[in-house]
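Structure record follows, encoded as structure tokens.
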2 protein chains.
Amino acid sequence: MASSALQISTAISSSSSAFLGHLPTTTNNVRSSKVFLPARKHVACKCVSAPSAEQTAYKTKVTRNANMAKLQAGYLFPEIARRRSAHMSKYPDAKVISLGIGDTTEPIPDVITSAMAMRAHSLSTFEGYSGYGAEQGDKKLRAMLASTYYNDLGIEESDIFVSDGAKCDISRLQLLFGSDVKIAVQDPSYPAYVDSSVIMGQTGLFQKDIEKYWNIEYMRCVPENDFFPDLSTISQADVIFFCSPNNPTGSAATREQLTQLVQFAKDNGSIIVYDSAYAMYISDDSPKSIFEIPGAKEVAIEISSFSKYAGFTGVRLGWTVVPNELLFSDGFPVAKDFNRIVCTCFNGASNIAQAGGLACLSPEGLKAMGETVDFYKENTKIIVDTFNSLGFNVYGGKNAPYVWVQFPGRSSWDVFAEILEKAHVVTTPGSGFGPGGESFVRVSAFGHRENIFEAARRIKQLYK
Amino acid sequence: MASSALQISTAISSSSSAFLGHLPTTTNNVRSSKVFLPARKHVACKCVSAPSAEQTAYKTKVTRNANMAKLQAGYLFPEIARRRSAHMSKYPDAKVISLGIGDTTEPIPDVITSAMAMRAHSLSTFEGYSGYGAEQGDKKLRAMLASTYYNDLGIEESDIFVSDGAKCDISRLQLLFGSDVKIAVQDPSYPAYVDSSVIMGQTGLFQKDIEKYWNIEYMRCVPENDFFPDLSTISQADVIFFCSPNNPTGSAATREQLTQLVQFAKDNGSIIVYDSAYAMYISDDSPKSIFEIPGAKEVAIEISSFSKYAGFTGVRLGWTVVPNELLFSDGFPVAKDFNRIVCTCFNGASNIAQAGGLACLSPEGLKAMGETVDFYKENTKIIVDTFNSLGFNVYGGKNAPYVWVQFPGRSSWDVFAEILEKAHVVTTPGSGFGPGGESFVRVSAFGHRENIFEAARRIKQLYK
């Protein structure tokens, strides 16, 4: 309906739009806006005939991508946001506290934002201006990541690809692998691994009875196995997505476990995509990079991010390490194809964000990030103590900003709804991360201290 | 070889890396760095045995993505950059002028960078900090694009998806369409359309004899047809990538031509992906948005960018319009699937870049962008006049920052090499944009005025 009406408006106003009308070279925006008003009136009255018009809507002959049709519901976190908004309109006066999506809440240290502001200002100067940067990222930032983050692990500047975030690189890696690979994921795990696999056509349909996609290997991670999968049960997997410290369970794999994982990949010729986005939250001596494990460079890619260290969830900056030692079965370097993907499908992270990344790696920046991480870890302790005091089985928290709470025999979504309805606190239902997450909820430790205390108070009230 | 040596270094230093070592919670980075030095020595001497080690390199069992293997050479622009660097090391003293890759050179207007700097600083305050933004972009920016850019064209805020650039959205659109569609492209055209199609598996092998990929419809755009394809020759195309003003030919389709194109899409049920990244460069009354054509909202997607208007090539900000009227053959809204792609494979453009986008759309920002565009258009005139004065057939320039110069009977790469070798000026070989570009070179008008004059002088010298 809109379309037919708007066709009239555009038909009448055959002029260019106002943005472009501002150009000295454009002559007809006045006519445009003059004509526009009656046209919009026209739209208004047209709307009455909406239903019938809807029925006769024009359809293209392009078939919907069957892989998109396989996806279940919405992507988890927008769905949580939707339910949160619904709750807020139901209880307009309730002070809703969000411990759902792992979104950072604390200001970015000034040493980092000042560097970004300076970079922004410099873009207005002849000396400071720059256009396209290298698709792989600023050479200096790549070199600093190699020396600062991987200083003793033999990762070269050329192995590092700076990106606009780990989530985006997961999809670029799926593009790299194509539709003929079979992936394995921890169950539960961050939904982007599975959903991007479905989109790439690597999977079959979703099997409602077992809540799994066909042709994805779900590696069950539960308290019984210390959240580390029984690798002997994995039939076959070309690409193993492994997140440690894990989102959502918050557990970090030990050096021995990761050594097993690397050995498994070597024995089976698999590629590990290791997501270390929460590595700075590790409190014990668990490895903080897969490349701490001897031989990992021949079987692993590592994705990471500044989001949860520097509060860059909105600034967007991450990186992916593809060691030159990592080879496909024909001996072709994986890094060469990833470089082609990055050059063709991406154009580099924002130069301002990259200036922030450089500041993050300065001594002051590293110190400031460490303090931010410590703040969130104090939050984590408050949440862990709260649920412990109520007698729940509580996991995670020690090495991650996520607390994984078990509600035996209950549905994750029911518990999510109960805590939202009665405590006005948003969590994340464990089953949203895979069938292995059923009966758990993930509680995020990202939040202002007073909100964490208030959420703890309400949860104690609810479950006392 | 590196790997085996580095395994030793990592084996010795089982500690975490320095980045993480800076954390108060980490105890062992001292041991780490102590152990590291001898380990690196070890690496150094190991390197001698490199060749033999190479031969026995470990290979995974993961098969290289066959689609990646189909891609020809490197992506065009990195390849140009590579040849430029090679030339500069050959002639270290030559003042090379780059009119190759369409990279902006003029500082970003202060009104825009100040807004980005202010946003960066605000991220260090409790009031100003924000984490994840909406994947589709800031509501206010989407609304301003709808009202400012498409004010009279009936595009709603919800139709607009803010992105980190048009190139990135091209790949996300390919993910949306999947591997079963057949695309059509202008020949010549921006290489990202074809290369992303190959990566998605929509094509067959590259046919060297005709320099085309199997299962892509190349719509020849040459002087003989006024750079507008003969649509009657197109067998079938699900998705038509159409760039106007065109990169590289610089020609803009007229209202009549675009009305033909929309009618063709309607008759054949095709979806047009309309790339309007250069629309502000239009001097005549050619449409600046496909949505100026009645009925386009039922058949077209529009991608655009701030890159060439505000000098955002490095800042990274663009947008894509997917009208809610656009439906797949089964009636499913294309926008719904694109929204799912954006939510799953992307996490929104940098909040600082988006603050810059808002400033771009303010009255001062629009005026400043118009002035920047006018500056580059003056450059274009200098380049057009130069080649005209030398008797070349010169196309484009009037409605685009690109000048398309014909060298009848000559190879584009030969001419590219000649101009680089003898005038130290980088251009782009027309054949890099498709077989239809053979015997042309694209000269970009992005450059400081003195460089444009100097390039013009050298070219006059070369071809006088």
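Following the order of the structure tokens, chains are lettered A, B, ..., residues in each are numbered from 1, and ligands are numbered from 1.
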Please identify all polymer residues within 9 Å of stretch 439-456 of chain A, counting only C-alpha atoms, omitting same-chain residues fewer than 6 positions from it, and present them as a short mmCIF file (atom, residue, chain, number, x, y, z; two decimals) with N, CA and C atoms, in the first residue's frame.
```
data_model
loop_
_atom_site.label_atom_id
_atom_site.label_comp_id
_atom_site.auth_asym_id
_atom_site.auth_seq_id
_atom_site.Cartn_x
_atom_site.Cartn_y
_atom_site.Cartn_z
N ILE A 97 17.02 -3.67 35.46
CA ILE A 97 18.48 -3.79 35.45
C ILE A 97 18.86 -4.88 34.45
N SER A 98 19.72 -4.53 33.50
CA SER A 98 20.06 -5.47 32.45
C SER A 98 21.38 -6.19 32.73
N LEU A 99 21.27 -7.47 33.09
CA LEU A 99 22.46 -8.33 33.22
C LEU A 99 22.34 -9.44 32.18
N GLY A 100 21.74 -9.05 31.04
CA GLY A 100 21.50 -10.02 29.98
C GLY A 100 22.63 -10.03 28.97
N ILE A 101 22.44 -9.31 27.87
CA ILE A 101 23.48 -9.22 26.86
C ILE A 101 24.76 -8.68 27.51
N GLY A 102 25.89 -9.25 27.18
CA GLY A 102 27.16 -8.88 27.82
C GLY A 102 27.64 -7.52 27.37
N ASP A 103 26.88 -6.50 27.73
CA ASP A 103 27.22 -5.16 27.26
C ASP A 103 27.92 -4.36 28.35
N THR A 104 29.08 -3.83 28.00
CA THR A 104 29.88 -3.05 28.94
C THR A 104 29.13 -1.77 29.34
N THR A 105 29.40 -1.32 30.56
CA THR A 105 28.67 -0.16 31.10
C THR A 105 29.60 0.94 31.61
N GLU A 106 30.86 0.62 31.84
CA GLU A 106 31.75 1.60 32.46
C GLU A 106 32.44 2.46 31.39
N ASN A 247 31.84 -18.29 26.78
CA ASN A 247 30.58 -17.58 26.84
C ASN A 247 29.54 -18.61 26.39
N PRO A 248 28.64 -19.05 27.23
CA PRO A 248 28.13 -18.43 28.45
C PRO A 248 28.60 -19.04 29.78
N THR A 249 29.26 -20.21 29.75
CA THR A 249 29.46 -20.91 31.05
C THR A 249 30.50 -20.24 31.94
N GLY A 250 31.34 -19.39 31.36
CA GLY A 250 32.33 -18.68 32.15
C GLY A 250 33.51 -19.53 32.56
N PHE A 375 37.31 -4.23 37.85
CA PHE A 375 36.02 -3.72 38.35
C PHE A 375 34.91 -4.72 38.04
N TYR A 376 34.87 -5.19 36.81
CA TYR A 376 33.83 -6.15 36.43
C TYR A 376 33.99 -7.47 37.18
N LYS A 377 35.23 -7.81 37.50
CA LYS A 377 35.44 -9.06 38.23
C LYS A 377 34.94 -8.94 39.66
N GLU A 378 35.02 -7.73 40.23
CA GLU A 378 34.42 -7.52 41.55
C GLU A 378 32.90 -7.69 41.46
N ASN A 379 32.31 -7.15 40.39
CA ASN A 379 30.87 -7.36 40.17
C ASN A 379 30.56 -8.85 40.13
N THR A 380 31.42 -9.58 39.42
CA THR A 380 31.19 -11.02 39.28
C THR A 380 31.13 -11.69 40.64
N LYS A 381 32.05 -11.29 41.52
CA LYS A 381 32.09 -11.90 42.85
C LYS A 381 30.78 -11.66 43.60
N ILE A 382 30.26 -10.43 43.48
CA ILE A 382 29.00 -10.10 44.16
C ILE A 382 27.88 -11.02 43.67
N ILE A 383 27.84 -11.25 42.35
CA ILE A 383 26.78 -12.10 41.77
C ILE A 383 26.97 -13.56 42.20
N THR A 386 25.93 -13.95 45.75
CA THR A 386 24.48 -13.87 45.89
C THR A 386 23.83 -15.22 45.63
N PHE A 387 24.14 -15.79 44.48
CA PHE A 387 23.50 -17.07 44.14
C PHE A 387 23.99 -18.20 45.04
N GLY A 397 32.41 -17.22 36.42
CA GLY A 397 32.68 -16.09 37.30
C GLY A 397 34.15 -15.92 37.63
N ALA A 400 35.84 -15.27 34.09
CA ALA A 400 35.01 -14.64 33.06
C ALA A 400 34.00 -13.70 33.70
N PRO A 401 33.48 -12.76 32.93
CA PRO A 401 32.47 -11.83 33.46
C PRO A 401 31.06 -12.43 33.45
N TYR A 402 30.97 -13.74 33.29
CA TYR A 402 29.68 -14.40 33.25
C TYR A 402 29.53 -15.42 34.36
N VAL A 403 28.34 -15.41 34.97
CA VAL A 403 28.02 -16.37 36.02
C VAL A 403 26.92 -17.28 35.46
N TRP A 404 27.10 -18.56 35.63
CA TRP A 404 26.25 -19.57 35.02
C TRP A 404 25.53 -20.30 36.14
N VAL A 405 24.23 -20.00 36.28
CA VAL A 405 23.48 -20.48 37.43
C VAL A 405 22.49 -21.56 37.00
N GLN A 406 22.49 -22.66 37.77
CA GLN A 406 21.65 -23.81 37.44
C GLN A 406 20.33 -23.78 38.20
N PHE A 407 19.25 -24.03 37.47
CA PHE A 407 17.91 -24.16 38.07
C PHE A 407 17.39 -25.55 37.69
N PRO A 408 17.86 -26.59 38.41
CA PRO A 408 17.58 -27.97 38.01
C PRO A 408 16.11 -28.21 37.67
N GLY A 409 15.89 -28.84 36.52
CA GLY A 409 14.54 -29.24 36.15
C GLY A 409 13.66 -28.13 35.59
N ARG A 410 14.20 -26.90 35.54
CA ARG A 410 13.35 -25.80 35.06
C ARG A 410 13.79 -25.35 33.66
N SER A 411 12.87 -24.74 32.94
CA SER A 411 13.18 -24.22 31.61
C SER A 411 13.90 -22.88 31.73
N SER A 412 14.96 -22.72 30.97
CA SER A 412 15.73 -21.47 31.01
C SER A 412 14.85 -20.25 30.75
N TRP A 413 14.00 -20.38 29.74
CA TRP A 413 13.14 -19.23 29.39
C TRP A 413 12.15 -18.93 30.52
N VAL A 415 12.73 -19.40 33.74
CA VAL A 415 13.50 -18.72 34.79
C VAL A 415 13.80 -17.28 34.36
N PHE A 416 14.21 -17.12 33.10
CA PHE A 416 14.45 -15.78 32.55
C PHE A 416 13.21 -14.91 32.78
N ALA A 423 11.74 -9.58 39.46
CA ALA A 423 12.86 -8.78 39.98
C ALA A 423 13.23 -7.66 39.02
N HIS A 424 12.57 -7.60 37.88
CA HIS A 424 12.90 -6.60 36.85
C HIS A 424 14.39 -6.64 36.51
N VAL A 425 14.95 -7.84 36.50
CA VAL A 425 16.35 -8.02 36.12
C VAL A 425 16.39 -8.89 34.86
N VAL A 426 17.12 -8.40 33.86
CA VAL A 426 17.26 -9.13 32.60
C VAL A 426 18.46 -10.05 32.70
N THR A 427 18.27 -11.34 32.45
CA THR A 427 19.38 -12.30 32.36
C THR A 427 19.38 -12.86 30.93
N THR A 428 20.08 -13.94 30.69
CA THR A 428 19.99 -14.61 29.39
C THR A 428 19.69 -16.09 29.63
N PRO A 429 18.64 -16.60 28.98
CA PRO A 429 18.28 -18.01 29.17
C PRO A 429 19.36 -18.91 28.58
N GLY A 430 19.83 -19.86 29.38
CA GLY A 430 20.91 -20.73 28.94
C GLY A 430 20.62 -21.49 27.66
N SER A 431 19.37 -21.86 27.45
CA SER A 431 19.04 -22.65 26.26
C SER A 431 19.22 -21.84 24.99
#
```
Can you list, as a tab-separated table (two decimals) with all heavy atoms, in the first residue's frame, every protein, DNA or RNA residue that comes within 7 Å of A:His121 when you count only C-alpha atoms, leaving out same-chain residues fewer than 5 positions away?
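Listed below is the output, part27.tsv:
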```
chain	number	residue	atom	x	y	z
B	113	THR	N	34.59	16.34	12.18
B	113	THR	CA	35.56	15.71	13.09
B	113	THR	C	35.35	16.17	14.54
B	113	THR	O	35.56	15.39	15.47
B	113	THR	CB	37.01	16.02	12.67
B	113	THR	OG1	37.18	17.44	12.58
B	113	THR	CG2	37.33	15.39	11.32
B	114	SER	N	34.91	17.42	14.71
B	114	SER	CA	34.65	17.89	16.08
B	114	SER	C	33.55	17.07	16.73
B	114	SER	O	33.63	16.72	17.91
B	114	SER	CB	34.24	19.37	16.05
B	114	SER	OG	35.28	20.16	15.52
B	117	ALA	N	35.11	13.81	17.71
B	117	ALA	CA	35.99	13.98	18.87
B	117	ALA	C	35.15	14.13	20.14
B	117	ALA	O	35.45	13.54	21.19
B	117	ALA	CB	36.88	15.19	18.68
```
Mind giving me the straight-line distance from atom CA of A:Val111 to atom CA of A:Phe346 in Å, one decimal?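 Separation between atom CA of A:Val111 and atom CA of A:Phe346: 28.3 Å.
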Mind listing the alpha helix (DSSP H) residues of stretch 213-311 of chain B, per DSSP on the backbone, as a list in words? Arg255, Glu256, Gln257, Leu258, Thr259, Gln260, Leu261, Val262, Gln263, Phe264, Ala265, Lys266, Asp267, Asn268, Ser307, Lys308, Tyr309 and Ala310 of chain B
Name the closest residue to A:Gly356 among the candidates A:Ser124, A:Ala86, A:Asp337, A:Met116; distances are taken between atoms, counting only C-alpha atoms. A:Met116
The distance between atom CA of B:Trp214 and atom CA of B:Leu76 is 19.5 Å
Could you pull the residues within 8 Å of B:Ile282, counting only C-alpha atoms, minus those fewer than 6 positions along the same chain, as an MDAnalysis selection string? (chainID A and resid 25) or (chainID B and resid 245 252 288 398:400)
Can I get the selection written as a short mmCIF file (atom, residue, chain, number, x, y, z; two decimals), in the first residue's frame, with N, CA and C atoms?
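result-v6.cif, written as the output of this step:
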```
data_model
loop_
_atom_site.label_atom_id
_atom_site.label_comp_id
_atom_site.auth_asym_id
_atom_site.auth_seq_id
_atom_site.Cartn_x
_atom_site.Cartn_y
_atom_site.Cartn_z
N THR A 25 25.03 22.37 -7.16
CA THR A 25 24.79 21.93 -8.54
C THR A 25 23.34 21.48 -8.75
N PRO B 245 26.24 7.22 -10.35
CA PRO B 245 27.25 7.30 -11.39
C PRO B 245 28.20 6.11 -11.30
N ALA B 252 26.57 8.62 -15.52
CA ALA B 252 25.36 8.46 -14.71
C ALA B 252 24.20 8.13 -15.63
N LYS B 288 19.51 10.81 -8.40
CA LYS B 288 20.58 10.58 -7.42
C LYS B 288 20.25 9.41 -6.51
N LYS B 398 31.89 14.33 -15.70
CA LYS B 398 30.83 15.31 -15.50
C LYS B 398 30.00 15.01 -14.24
N ASN B 399 29.67 13.74 -14.05
CA ASN B 399 28.81 13.35 -12.94
C ASN B 399 29.50 12.45 -11.93
N ALA B 400 30.82 12.39 -11.98
CA ALA B 400 31.56 11.46 -11.12
C ALA B 400 33.00 11.93 -10.96
#
```
Residue list (strand (DSSP E), DSSP) for stretch 125-243 of chain A, as a list of chain:residue names: A:Ile160, A:Phe161, A:Val162, A:Ser163, A:Ile183, A:Ala184, A:Val185, A:Gln186, A:Asp187, A:Phe206, A:Gln207, A:Lys212, A:Tyr213, A:Ile216, A:Glu217, A:Tyr218, A:Met219, A:Arg220, A:Val239, A:Ile240, A:Phe241, A:Phe242, A:Cys243
Would you mind exporting N, CA and C atoms of the selected residues as a compact mmCIF listing (two decimals), in the first residue's frame?
```txt
# COMPACT_ATOMS: atom_id res chain seq x y z
N ILE A 160 48.41 -11.12 11.93
CA ILE A 160 47.32 -10.45 12.64
C ILE A 160 46.48 -9.60 11.69
N PHE A 161 45.16 -9.78 11.74
CA PHE A 161 44.22 -9.00 10.94
C PHE A 161 43.33 -8.21 11.90
N VAL A 162 43.44 -6.89 11.87
CA VAL A 162 42.62 -6.04 12.73
C VAL A 162 41.22 -5.96 12.12
N SER A 163 40.20 -6.02 12.97
CA SER A 163 38.83 -6.04 12.46
C SER A 163 37.92 -5.12 13.24
N ILE A 183 31.17 -27.96 11.12
CA ILE A 183 31.75 -27.34 12.30
C ILE A 183 31.33 -28.07 13.57
N ALA A 184 32.13 -27.89 14.61
CA ALA A 184 31.80 -28.35 15.96
C ALA A 184 31.78 -27.13 16.86
N VAL A 185 30.86 -27.12 17.79
CA VAL A 185 30.78 -26.02 18.76
C VAL A 185 30.61 -26.58 20.16
N GLN A 186 31.09 -25.82 21.13
CA GLN A 186 30.77 -26.17 22.50
C GLN A 186 29.26 -25.99 22.67
N ASP A 187 28.66 -26.89 23.44
CA ASP A 187 27.24 -26.75 23.73
C ASP A 187 27.09 -26.65 25.24
N PHE A 206 16.97 -27.43 11.27
CA PHE A 206 16.95 -27.48 12.73
C PHE A 206 16.04 -28.63 13.14
N GLN A 207 16.54 -29.49 14.01
CA GLN A 207 15.74 -30.63 14.47
C GLN A 207 15.13 -30.29 15.81
N LYS A 212 18.86 -29.18 17.71
CA LYS A 212 20.16 -29.07 17.07
C LYS A 212 19.98 -28.98 15.56
N TYR A 213 20.94 -28.32 14.91
CA TYR A 213 20.95 -28.33 13.46
C TYR A 213 21.66 -29.59 12.98
N ILE A 216 25.94 -30.21 12.46
CA ILE A 216 26.80 -29.48 13.39
C ILE A 216 27.08 -30.42 14.55
N GLU A 217 28.34 -30.47 14.96
CA GLU A 217 28.75 -31.30 16.08
C GLU A 217 28.62 -30.47 17.35
N TYR A 218 27.68 -30.83 18.22
CA TYR A 218 27.50 -30.12 19.49
C TYR A 218 28.32 -30.82 20.56
N MET A 219 29.33 -30.16 21.08
CA MET A 219 30.21 -30.76 22.10
C MET A 219 29.70 -30.35 23.49
N ARG A 220 29.02 -31.27 24.13
CA ARG A 220 28.34 -30.96 25.40
C ARG A 220 29.34 -30.52 26.47
N VAL A 239 36.06 -27.72 11.32
CA VAL A 239 36.35 -26.48 12.05
C VAL A 239 35.72 -26.57 13.43
N ILE A 240 36.55 -26.40 14.45
CA ILE A 240 36.08 -26.46 15.83
C ILE A 240 36.09 -25.06 16.43
N PHE A 241 34.90 -24.51 16.68
CA PHE A 241 34.81 -23.23 17.36
C PHE A 241 34.92 -23.49 18.85
N PHE A 242 35.93 -22.89 19.46
CA PHE A 242 36.15 -23.13 20.89
C PHE A 242 36.40 -21.80 21.59
N CYS A 243 35.51 -21.46 22.52
CA CYS A 243 35.57 -20.19 23.23
C CYS A 243 36.02 -20.42 24.66
```
